[in-house]
There are 2 protein chains.
Amino acid sequence: MTSTEPVQRRTRQRAEIRDAVEASQAFATSQEIHDRLRHSGSTVGLATVYRALQAMAAGGEVDTIRTPDGQVAYRTCTPGHHHHLVCRGCGKTVEIDLPGLESQTRAIAREYGFAEIDHEVEFFGTCADCTAG
Amino acid sequence: MTSTEPVQRRTRQRAEIRDAVEASQAFATSQEIHDRLRHSGSTVGLATVYRALQAMAAGGEVDTIRTPDGQVAYRTCTPGHHHHLVCRGCGKTVEIDLPGLESQTRAIAREYGFAEIDHEVEFFGTCADCTAG
DNA sequence: ATCTTCATGACAATCATTCTCATCGCGTCC
DNA sequence: GGACGCGATGAGAATGATTGTCATGAAGAT
Ligand SMILES: [Zn+2]
Ligand SMILES: [Zn+2]
Ligand SMILES: [Zn+2]
Ligand SMILES: [Zn+2]
């Protein structure tokens, strides 16, 4: 199965988008990234941001979460599987490990005869700063 | 704090909607519930289904999940906190317990100074029937 | 430099969900 | 049983995130 996936071309826009995501500590939506780029003088189009972030997510270059209100947000994280604890107030994000969860997941799959199990595990809370406000 | 929440009135529509959700083993979206009701002769409106299901979810009468493609789906589950293992093919859902996750969540909250932690934990897979298919 | 092909951007189109508002009908109190 | 007040309903418009369209631009290979 020599994959015939099209090569990702290096363009000015993708570089800008990558930089913008990396500059953000918190998860950001395509629209937010687009706004920031526009405000800093870029002329990148919104659809391009959507496409680039999707591609980066598919390639594992960024992590994605779905915000409580349903929007997709992206973040450049540490390599390796992990989960997120996100502040509802300021978006501050902490990467967390859940030792045991992965094996527990495999056990569940076996028990119920499910295959190709994928898990969606995120935590939302209010950070100390935001609690103090 | 004697809550002044408006009383939920019993209407034909809400009864129909409740019955429709309870009749479904799998999670169903408002639109799906609406379609089923319409096909079985009901004249209930789509907005009403959206509103009723939201109210039922807020009241803890049904569980909600967000499907991988972003839609909100509802299901009448067993009382008590639990998570879900959902088949991507047929929607078959298994309620699962994750012993240790809740305490682990509290530990994480304490460690990072986050309060009011809420977790979003769902599993998606392919059930035996759908794998065989 | 040329050519092939993917990438881009402006804009239209989707589509789930929410809003508006005139009307209906529960629940309650005579 | 009948009248009332207010939440509930439904038809349709509106919203808003995301995706599709397509003519044009520009990587990357030759
Ligand atoms: Zn991450
Ligand atoms: Zn915060
Ligand atoms: Zn459930
Ligand atoms: Zn299945």
# chains A, B, ... in the order shown; residues from 1 in each chain; ligands from 1

call {"tool": "interface_residues", "arguments": {"of": "chain D", "to": "chain B", "cutoff": "12 Å", "atoms": "only C-alpha atoms (C1' of nucleotides)", "output": "list in words"}}
result
DC6, DG7, DA8, DT9, DG10, DA11, DG12, DA17 and DT18 of chain D

call {"tool": "residues_around", "arguments": {"residues": "segment 81-94 of chain A", "least_positions_apart": "5", "cutoff": "10 Å", "atoms": "only C-alpha atoms (C1' of nucleotides)", "output": "ChimeraX atom specification"}}
result
/A:24-28,63,65,67-68,75,99,102,120-131,133 /B:105,108-109,112,114-119

call {"tool": "interface_residues", "arguments": {"of": "chain C", "to": "chain B", "cutoff": "9 Å", "atoms": "only C-alpha atoms (C1' of nucleotides)", "output": "list in words"}}
result
DA16, DT17, DT18, DG25, DC26 and DG27 of chain C

call {"tool": "atom_distance", "arguments": {"atom1": "atom CA of Val62 of chain B", "atom2": "atom CA of Val21 of chain B"}}
result
8.5 Å

call {"tool": "residues_around", "arguments": {"residues": "DC22 of chain D", "least_positions_apart": "4", "cutoff": "12 Å", "atoms": "only C-alpha atoms (C1' of nucleotides)", "output": "ChimeraX atom specification"}}
result
/C:8-12

call {"tool": "write_last_selection", "arguments": {"atoms": "C-alpha atoms (C1' of nucleotides)", "output": "JSON list (two decimals), in the first residue's frame"}}
result
[["chain", "number", "residue", "atom", "x", "y", "z"],
["C", 8, "DT", "C1'", -5.54, 29.86, -2.64],
["C", 9, "DG", "C1'", -9.27, 33.27, -2.02],
["C", 10, "DA", "C1'", -13.68, 35.37, -2.82],
["C", 11, "DC", "C1'", -18.08, 34.00, -2.58],
["C", 12, "DA", "C1'", -21.94, 30.99, -2.62]]

call {"tool": "closest_residue", "arguments": {"among": "B:Thr64, B:Thr76, B:Gln54, B:Gln104", "to": "chain A", "atoms": "only C-alpha atoms"}}
result
B:Gln104

call {"tool": "select_by_dssp", "arguments": {"residues": "segment 32-129 of chain A", "states": "strand (DSSP E or B)", "output": "NGL selection string"}}
result
:A and (63-66 or 72-75 or 83-87 or 93-96 or 115-126)

call {"tool": "closest_residue", "arguments": {"among": "B:Leu101, B:Ala107, B:Leu53, B:Ala15", "to": "chain A", "atoms": "only C-alpha atoms"}}
result
B:Leu101

call {"tool": "atom_distance", "arguments": {"atom1": "atom C1' of DT14 of chain C", "atom2": "atom CA of Ala55 of chain A"}}
result
21.1 Å

call {"tool": "closest_residue", "arguments": {"among": "B:Arg66, B:Leu37, B:Pro79, B:Tyr74", "to": "chain A", "atoms": "only C-alpha atoms"}}
result
B:Arg66

call {"tool": "atom_distance", "arguments": {"atom1": "atom C1' of DT15 of chain D", "atom2": "atom C1' of DC19 of chain C"}}
result
8.5 Å

call {"tool": "closest_residue", "arguments": {"among": "A:Gly60, A:Gly80, A:Gly113, A:Gly100", "to": "ligand 4", "atoms": "only C-alpha atoms and all ligand atoms"}}
result
A:Gly113

call {"tool": "closest_residue", "arguments": {"among": "B:Val49, B:Thr78, B:Ala20, B:Leu98", "to": "chain A", "atoms": "only C-alpha atoms"}}
result
B:Leu98

call {"tool": "select_by_dssp", "arguments": {"residues": "segment 32-95 of chain A", "states": "helix (DSSP H, G or I)", "output": "PyMOL selection string"}}
result
chain A and resi 32-39+46-58

call {"tool": "decode", "arguments": {"residues": "segment 89-100 of chain B", "atoms": "N, CA, C and O atoms", "output": "mmCIF file, in the first residue's frame"}}
result
data_model
loop_
_atom_site.group_PDB
_atom_site.id
_atom_site.type_symbol
_atom_site.label_atom_id
_atom_site.label_comp_id
_atom_site.auth_asym_id
_atom_site.auth_seq_id
_atom_site.Cartn_x
_atom_site.Cartn_y
_atom_site.Cartn_z
ATOM 1 N N GLY B 89 -20.920 2.240 13.328
ATOM 2 C CA GLY B 89 -21.725 1.719 12.237
ATOM 3 C C GLY B 89 -23.214 1.798 12.507
ATOM 4 O O GLY B 89 -23.949 2.490 11.796
ATOM 5 N N CYS B 90 -23.662 1.118 13.563
ATOM 6 C CA CYS B 90 -25.097 1.018 13.811
ATOM 7 C C CYS B 90 -25.570 1.868 14.981
ATOM 8 O O CYS B 90 -26.762 1.947 15.242
ATOM 9 N N GLY B 91 -24.661 2.481 15.686
ATOM 10 C CA GLY B 91 -25.086 3.329 16.791
ATOM 11 C C GLY B 91 -25.326 2.592 18.089
ATOM 12 O O GLY B 91 -25.609 3.211 19.125
ATOM 13 N N LYS B 92 -25.191 1.283 18.051
ATOM 14 C CA LYS B 92 -25.379 0.479 19.263
ATOM 15 C C LYS B 92 -24.546 1.080 20.395
ATOM 16 O O LYS B 92 -23.373 1.397 20.213
ATOM 17 N N THR B 93 -25.179 1.246 21.546
ATOM 18 C CA THR B 93 -24.495 1.904 22.650
ATOM 19 C C THR B 93 -24.434 1.053 23.903
ATOM 20 O O THR B 93 -25.419 0.425 24.281
ATOM 21 N N VAL B 94 -23.278 1.046 24.523
ATOM 22 C CA VAL B 94 -23.091 0.317 25.761
ATOM 23 C C VAL B 94 -22.723 1.330 26.829
ATOM 24 O O VAL B 94 -21.880 2.189 26.604
ATOM 25 N N GLU B 95 -23.378 1.251 27.962
ATOM 26 C CA GLU B 95 -23.046 2.160 29.055
ATOM 27 C C GLU B 95 -21.903 1.539 29.834
ATOM 28 O O GLU B 95 -21.940 0.362 30.157
ATOM 29 N N ILE B 96 -20.900 2.323 30.112
ATOM 30 C CA ILE B 96 -19.757 1.769 30.840
ATOM 31 C C ILE B 96 -19.370 2.612 32.049
ATOM 32 O O ILE B 96 -19.577 3.812 32.075
ATOM 33 N N ASP B 97 -18.799 1.920 33.020
ATOM 34 C CA ASP B 97 -18.311 2.610 34.208
ATOM 35 C C ASP B 97 -16.815 2.743 34.045
ATOM 36 O O ASP B 97 -16.173 1.889 33.458
ATOM 37 N N LEU B 98 -16.274 3.786 34.588
ATOM 38 C CA LEU B 98 -14.835 3.970 34.537
ATOM 39 C C LEU B 98 -14.366 4.159 35.958
ATOM 40 O O LEU B 98 -14.105 5.283 36.393
ATOM 41 N N PRO B 99 -14.283 3.070 36.692
ATOM 42 C CA PRO B 99 -13.874 3.189 38.093
ATOM 43 C C PRO B 99 -12.515 3.853 38.170
ATOM 44 O O PRO B 99 -11.607 3.516 37.427
ATOM 45 N N GLY B 100 -12.401 4.796 39.017
ATOM 46 C CA GLY B 100 -11.114 5.462 39.169
ATOM 47 C C GLY B 100 -11.024 6.756 38.406
ATOM 48 O O GLY B 100 -10.274 7.649 38.777
#
